[in-house]
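Here the structure comes first, spelled out in structure tokens, and everything after it is commentary.
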Amino acid sequence: MSRIPFEQLPGDVRQAVADKTGAVHHAVTVRGGMNSGIASVLETESGSVFVKGIPADHPQVAAQRREAAVAPHLPTSCPHLYWHLELDGWSLLGYEVIEGRHADYAPGSPDLPLVEAALTELQAVTAPADVEIKDAVDRWAEYAPPATSHFFGGDTLLHTDFAPDNVLIVDERARLVDWAWPTRGAAWIDPGALALRLMDAGHSVEAAVAFAGRFPSWRTAEPEALAAFGAATAALWREIAEGDGTPWKQGMAERAAALAYILAKG
Ligand SMILES: Nc1ncnc2c1ncn2[C@@H]1O[C@H](COP(=O)(O)OP(=O)(O)OP(=O)(O)O)[C@@H](O)[C@H]1O
Ligand SMILES: [Mg+2]
């Protein structure tokens, strides 16, 4: 959706933000991501705050609510959520500002060990039982080969969207933002999702799979589980690319097919 500047939000919505932050002096719209109708860094009386939001009647509002619900359970690599507001047709989240840049996933990038460290921290987190988040079996079942969806089950908290603009680099640290798709499932799913994004940044499929192998969850996963993941990921991206033929989606579908091929070989 198109992104509007903070100043174009309805007056009572801006006032509700100011009630949380103190007077808003300045707002700058950020780049990256596509779903948020507003994504701005505000300079306010109480300091800076990152605000992301979407219209309350937007289909993604459920994702925004999941993001708010899971926030208290996230590891230290994730920004702190200060508040969640819903009024006058808008749903807004106010976060600690991460003054970073988007991660560079290119082969040899010094960001890669930082991303590895952030994901290693996340791999140790159990999905909270009292929060309604997606289940990996439900998310992948319709794409996975017959009788394989059980492989996706587990109790690890997964991010699942490792697009490089969801990983901010600052002070020799990778921070994971954009928890629109928190999921409970098998721990090896996140290394697999990251591997596909590494391929998109220029890694060979072998190098991307080797990177996933840095995570014990991937190394110890059953080959049949990883093959099911490859097949499901390829089917998912094929569907996305068929629905909308923009070149990057076509590219992702091709890379997912290559990943599926190598994982099927075990
Ligand atoms: N805490 C933060 N501090 C500073 N900038 C941030 C912060 N969180 C996100 N950003 C920046 O804002 C962009 C958009 O935010 P985010 O990725 O959370 O939402 P999105 O991709 O637009 O929407 P969706 O949640 O629907 O996927 C990010 O790519 C990142 O550049
Ligand atoms: Mg994003």
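By order in the structure tokens, chains are A, B, ...; within a chain, residues start at 1; ligands start at 1, following the order shown.
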* **strand (DSSP E or B) per DSSP on the backbone: members of region 44-252 of chain A, as a ChimeraX atom specification** => /A:44,47-55,81-87,90-95,101-102,126,134-135,156-158,167-170,173-176,183-185
* Which chains and residue numbers are within 8 Å of ligand 1, counting only C-alpha atoms and all ligand atoms, if I want them as number ranges by chain? -> A: 30-41, 49-52, 60, 63-64, 67, 78-80, 95-102, 164-168, 177-180
Selection file, C-alpha atoms, as a PDB file, in the first residue's frame:
ATOM      1  CA  VAL A  30      11.431   5.623   6.443  1.00  0.00           C
ATOM      2  CA  ARG A  31      12.202   3.432   3.449  1.00  0.00           C
ATOM      3  CA  GLY A  32      11.807  -0.334   3.392  1.00  0.00           C
ATOM      4  CA  GLY A  33       8.882  -2.706   3.743  1.00  0.00           C
ATOM      5  CA  MET A  34       5.617  -2.327   1.938  1.00  0.00           C
ATOM      6  CA  ASN A  35       2.642  -3.127   4.084  1.00  0.00           C
ATOM      7  CA  SER A  36       2.718  -0.270   6.517  1.00  0.00           C
ATOM      8  CA  GLY A  37       0.610   2.716   5.480  1.00  0.00           C
ATOM      9  CA  ILE A  38       2.764   4.809   7.745  1.00  0.00           C
ATOM     10  CA  ALA A  39       6.325   4.151   8.917  1.00  0.00           C
ATOM     11  CA  SER A  40       7.984   7.191  10.416  1.00  0.00           C
ATOM     12  CA  VAL A  41      10.625   8.149  12.919  1.00  0.00           C
ATOM     13  CA  VAL A  49      10.006   6.832  18.458  1.00  0.00           C
ATOM     14  CA  PHE A  50       9.394   4.675  15.378  1.00  0.00           C
ATOM     15  CA  VAL A  51       5.718   4.545  14.435  1.00  0.00           C
ATOM     16  CA  LYS A  52       4.311   1.991  12.001  1.00  0.00           C
ATOM     17  CA  GLN A  60      -3.141  -6.902   7.467  1.00  0.00           C
ATOM     18  CA  ALA A  63      -0.816  -9.178  11.516  1.00  0.00           C
ATOM     19  CA  GLN A  64      -0.265  -5.855  13.257  1.00  0.00           C
ATOM     20  CA  GLU A  67       3.010  -8.164  16.213  1.00  0.00           C
ATOM     21  CA  CYS A  78      14.284  -6.841  18.798  1.00  0.00           C
ATOM     22  CA  PRO A  79      13.224  -3.265  19.433  1.00  0.00           C
ATOM     23  CA  HIS A  80      11.119  -2.519  22.497  1.00  0.00           C
ATOM     24  CA  TYR A  95       8.699   1.314  18.967  1.00  0.00           C
ATOM     25  CA  GLU A  96      12.161   2.111  20.225  1.00  0.00           C
ATOM     26  CA  VAL A  97      14.063   3.593  17.269  1.00  0.00           C
ATOM     27  CA  ILE A  98      16.827   1.453  15.825  1.00  0.00           C
ATOM     28  CA  GLU A  99      19.130   3.852  14.045  1.00  0.00           C
ATOM     29  CA  GLY A 100      20.507   1.233  11.741  1.00  0.00           C
ATOM     30  CA  ARG A 101      20.768   0.380   8.090  1.00  0.00           C
ATOM     31  CA  HIS A 102      19.285  -2.592   6.278  1.00  0.00           C
ATOM     32  CA  PRO A 164      17.020  -7.784   4.495  1.00  0.00           C
ATOM     33  CA  ASP A 165      14.938  -4.703   5.232  1.00  0.00           C
ATOM     34  CA  ASN A 166      13.580  -6.505   8.295  1.00  0.00           C
ATOM     35  CA  VAL A 167      17.112  -6.740   9.744  1.00  0.00           C
ATOM     36  CA  LEU A 168      18.716  -3.498  10.890  1.00  0.00           C
ATOM     37  CA  VAL A 177      12.195  -5.945  13.204  1.00  0.00           C
ATOM     38  CA  ASP A 178       8.795  -6.485  11.584  1.00  0.00           C
ATOM     39  CA  TRP A 179       7.176  -9.284  13.565  1.00  0.00           C
ATOM     40  CA  ALA A 180       4.093  -9.426  11.370  1.00  0.00           C
TER      41      ALA A 180
END
* Go through A:Trp83, A:Trp90, A:Tyr261, A:Phe151 one by one, measure the shortest atom-to-atom distance of each to Val13 (chain A) using only C-alpha atoms, and give the residue with the smallest value. => A:Trp90
Polymer residues at most 10 Å from Leu259 (chain A), only C-alpha atoms, same-chain spacing of 3 or more positions, as an mmCIF file with C-alpha atoms, in the first residue's frame:
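Saved the output as around.cif:
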data_model
loop_
_atom_site.group_PDB
_atom_site.id
_atom_site.type_symbol
_atom_site.label_atom_id
_atom_site.label_comp_id
_atom_site.auth_asym_id
_atom_site.auth_seq_id
_atom_site.Cartn_x
_atom_site.Cartn_y
_atom_site.Cartn_z
ATOM 1 C CA GLY A 192 15.736 -22.234 5.947
ATOM 2 C CA ALA A 195 18.856 -19.346 3.302
ATOM 3 C CA LEU A 196 16.359 -18.401 0.589
ATOM 4 C CA MET A 199 20.282 -16.845 -2.377
ATOM 5 C CA SER A 204 24.854 -20.065 -4.473
ATOM 6 C CA VAL A 205 22.309 -22.587 -3.262
ATOM 7 C CA GLU A 206 25.148 -24.659 -1.790
ATOM 8 C CA ALA A 208 23.050 -20.720 1.393
ATOM 9 C CA VAL A 209 22.398 -24.261 2.638
ATOM 10 C CA LEU A 226 14.222 -30.183 5.010
ATOM 11 C CA ALA A 227 13.058 -31.692 1.710
ATOM 12 C CA PHE A 229 10.445 -27.395 3.565
ATOM 13 C CA GLY A 230 12.115 -26.972 0.177
ATOM 14 C CA ALA A 231 9.087 -28.319 -1.669
ATOM 15 C CA THR A 233 8.740 -23.037 -0.097
ATOM 16 C CA ALA A 234 8.962 -23.621 -3.836
ATOM 17 C CA ALA A 253 10.279 -18.485 -7.188
ATOM 18 C CA GLU A 254 13.283 -19.607 -9.253
ATOM 19 C CA ARG A 255 15.576 -19.577 -6.232
ATOM 20 C CA ALA A 256 13.026 -21.456 -4.126
ATOM 21 C CA ILE A 262 19.067 -29.514 -3.576
ATOM 22 C CA LEU A 263 17.140 -30.296 -0.379
ATOM 23 C CA ALA A 264 15.281 -33.113 -2.131
#
* To do: Counting only C-alpha atoms and all ligand atoms, figure out which residue out of A:Ala193, A:Ile240, A:Ala163, A:Ala56 gets nearest to ligand 2.
  => A:Ala163
* Asked: Got a sec to tell me which of region 48-196 of chain A DSSP assigns to alpha helix (DSSP H), as JSON, numbers by chain?
  -> {"A": [61, 62, 63, 64, 65, 66, 67, 68, 69, 70, 111, 112, 113, 114, 115, 116, 117, 118, 119, 120, 121, 122, 123, 136, 137, 138, 139, 140, 141, 189, 190, 191, 192, 193, 194, 195, 196]}
Please produce a file of the residues just selected, as a CSV table (one decimal), in the first residue's frame, where the atoms kept are N, CA and C atoms.
chain,number,residue,atom,x,y,z
A,61,VAL,N,-4.4,-5.9,9.3
A,61,VAL,CA,-4.5,-5.4,10.7
A,61,VAL,C,-4.3,-6.6,11.7
A,62,ALA,N,-4.7,-7.8,11.3
A,62,ALA,CA,-4.5,-8.9,12.2
A,62,ALA,C,-3.1,-9.2,12.4
A,63,ALA,N,-2.3,-9.0,11.4
A,63,ALA,CA,-0.8,-9.2,11.5
A,63,ALA,C,-0.2,-8.1,12.5
A,64,GLN,N,-0.7,-6.9,12.4
A,64,GLN,CA,-0.3,-5.9,13.3
A,64,GLN,C,-0.6,-6.2,14.7
A,65,ARG,N,-1.8,-6.8,14.9
A,65,ARG,CA,-2.2,-7.1,16.3
A,65,ARG,C,-1.3,-8.3,16.8
A,66,ARG,N,-1.0,-9.2,15.9
A,66,ARG,CA,-0.1,-10.3,16.3
A,66,ARG,C,1.3,-9.8,16.8
A,67,GLU,N,1.7,-8.8,15.9
A,67,GLU,CA,3.0,-8.2,16.2
A,67,GLU,C,3.0,-7.5,17.6
A,68,ALA,N,1.9,-6.8,17.9
A,68,ALA,CA,1.8,-6.2,19.3
A,68,ALA,C,1.8,-7.3,20.4
A,69,ALA,N,1.1,-8.4,20.1
A,69,ALA,CA,0.9,-9.4,21.2
A,69,ALA,C,2.2,-10.1,21.5
A,70,VAL,N,3.0,-10.3,20.4
A,70,VAL,CA,4.2,-11.1,20.7
A,70,VAL,C,5.4,-10.2,21.2
A,111,ASP,N,28.1,-8.3,7.7
A,111,ASP,CA,26.8,-8.4,8.4
A,111,ASP,C,26.4,-9.8,8.7
A,112,LEU,N,26.9,-10.8,7.9
A,112,LEU,CA,26.3,-12.2,8.0
A,112,LEU,C,26.6,-12.8,9.4
A,113,PRO,N,27.8,-12.6,10.0
A,113,PRO,CA,27.9,-13.2,11.4
A,113,PRO,C,27.0,-12.5,12.4
A,114,LEU,N,26.7,-11.2,12.1
A,114,LEU,CA,25.8,-10.5,13.1
A,114,LEU,C,24.3,-11.0,12.9
A,115,VAL,N,23.9,-11.3,11.7
A,115,VAL,CA,22.6,-11.9,11.5
A,115,VAL,C,22.6,-13.3,12.1
A,116,GLU,N,23.7,-14.0,12.0
A,116,GLU,CA,23.8,-15.4,12.6
A,116,GLU,C,23.6,-15.3,14.1
A,117,ALA,N,24.2,-14.3,14.7
A,117,ALA,CA,24.2,-14.1,16.2
A,117,ALA,C,22.7,-13.8,16.6
A,118,ALA,N,22.1,-12.9,15.9
A,118,ALA,CA,20.7,-12.6,16.2
A,118,ALA,C,19.8,-13.8,16.1
A,119,LEU,N,19.9,-14.5,15.0
A,119,LEU,CA,19.1,-15.7,14.8
A,119,LEU,C,19.4,-16.8,15.9
A,120,THR,N,20.7,-16.9,16.2
A,120,THR,CA,21.0,-17.9,17.2
A,120,THR,C,20.3,-17.6,18.6
A,121,GLU,N,20.3,-16.3,18.9
A,121,GLU,CA,19.6,-15.9,20.1
A,121,GLU,C,18.1,-16.2,20.0
A,122,LEU,N,17.5,-16.0,18.9
A,122,LEU,CA,16.1,-16.2,18.7
A,122,LEU,C,15.8,-17.7,18.7
A,123,GLN,N,16.7,-18.5,18.2
A,123,GLN,CA,16.4,-20.0,18.2
A,123,GLN,C,16.2,-20.6,19.5
A,136,ALA,N,3.2,-23.2,12.5
A,136,ALA,CA,3.9,-23.5,11.2
A,136,ALA,C,3.2,-24.6,10.4
A,137,VAL,N,2.7,-25.6,11.1
A,137,VAL,CA,2.0,-26.7,10.4
A,137,VAL,C,0.8,-26.1,9.6
A,138,ASP,N,0.1,-25.2,10.2
A,138,ASP,CA,-1.1,-24.6,9.4
A,138,ASP,C,-0.5,-23.7,8.3
A,139,ARG,N,0.6,-23.0,8.5
A,139,ARG,CA,1.0,-22.1,7.5
A,139,ARG,C,1.6,-22.9,6.3
A,140,TRP,N,2.2,-24.0,6.5
A,140,TRP,CA,2.9,-24.7,5.4
A,140,TRP,C,2.1,-25.9,4.8
A,141,ALA,N,1.1,-26.4,5.6
A,141,ALA,CA,0.4,-27.6,5.2
A,141,ALA,C,-0.1,-27.6,3.8
A,189,ILE,N,13.1,-24.0,10.7
A,189,ILE,CA,12.4,-23.2,9.6
A,189,ILE,C,13.0,-21.9,9.4
A,190,ASP,N,13.4,-21.2,10.5
A,190,ASP,CA,14.0,-19.8,10.3
A,190,ASP,C,15.3,-19.9,9.5
A,191,PRO,N,16.3,-20.8,9.9
A,191,PRO,CA,17.5,-20.9,9.1
A,191,PRO,C,17.2,-21.2,7.6
A,192,GLY,N,16.1,-22.0,7.3
A,192,GLY,CA,15.7,-22.2,5.9
A,192,GLY,C,15.2,-21.0,5.3
A,193,ALA,N,14.4,-20.2,6.0
A,193,ALA,CA,13.8,-19.0,5.4
A,193,ALA,C,15.0,-18.0,5.1
A,194,LEU,N,15.9,-18.0,6.0
A,194,LEU,CA,17.1,-17.1,5.8
A,194,LEU,C,17.9,-17.5,4.6
A,195,ALA,N,18.1,-18.8,4.4
A,195,ALA,CA,18.9,-19.3,3.3
A,195,ALA,C,18.3,-18.9,2.0
A,196,LEU,N,17.0,-18.9,1.8
A,196,LEU,CA,16.4,-18.4,0.6
A,196,LEU,C,16.7,-16.9,0.3
* To do: For CA of Arg184 (chain A) and CA of Asp244 (chain A), determine how far apart the two atoms are, in Å to one decimal place.
  => 28.2 Å
* Identify which of the residues A:Ala258, A:Ala235, A:His159, A:Thr183 lies closest to ligand 2, counting only C-alpha atoms and all ligand atoms when measuring atom-to-atom distances. =>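 Nearest candidate to ligand 2 out of A:Ala258, A:Ala235, A:His159, A:Thr183: A:His159.
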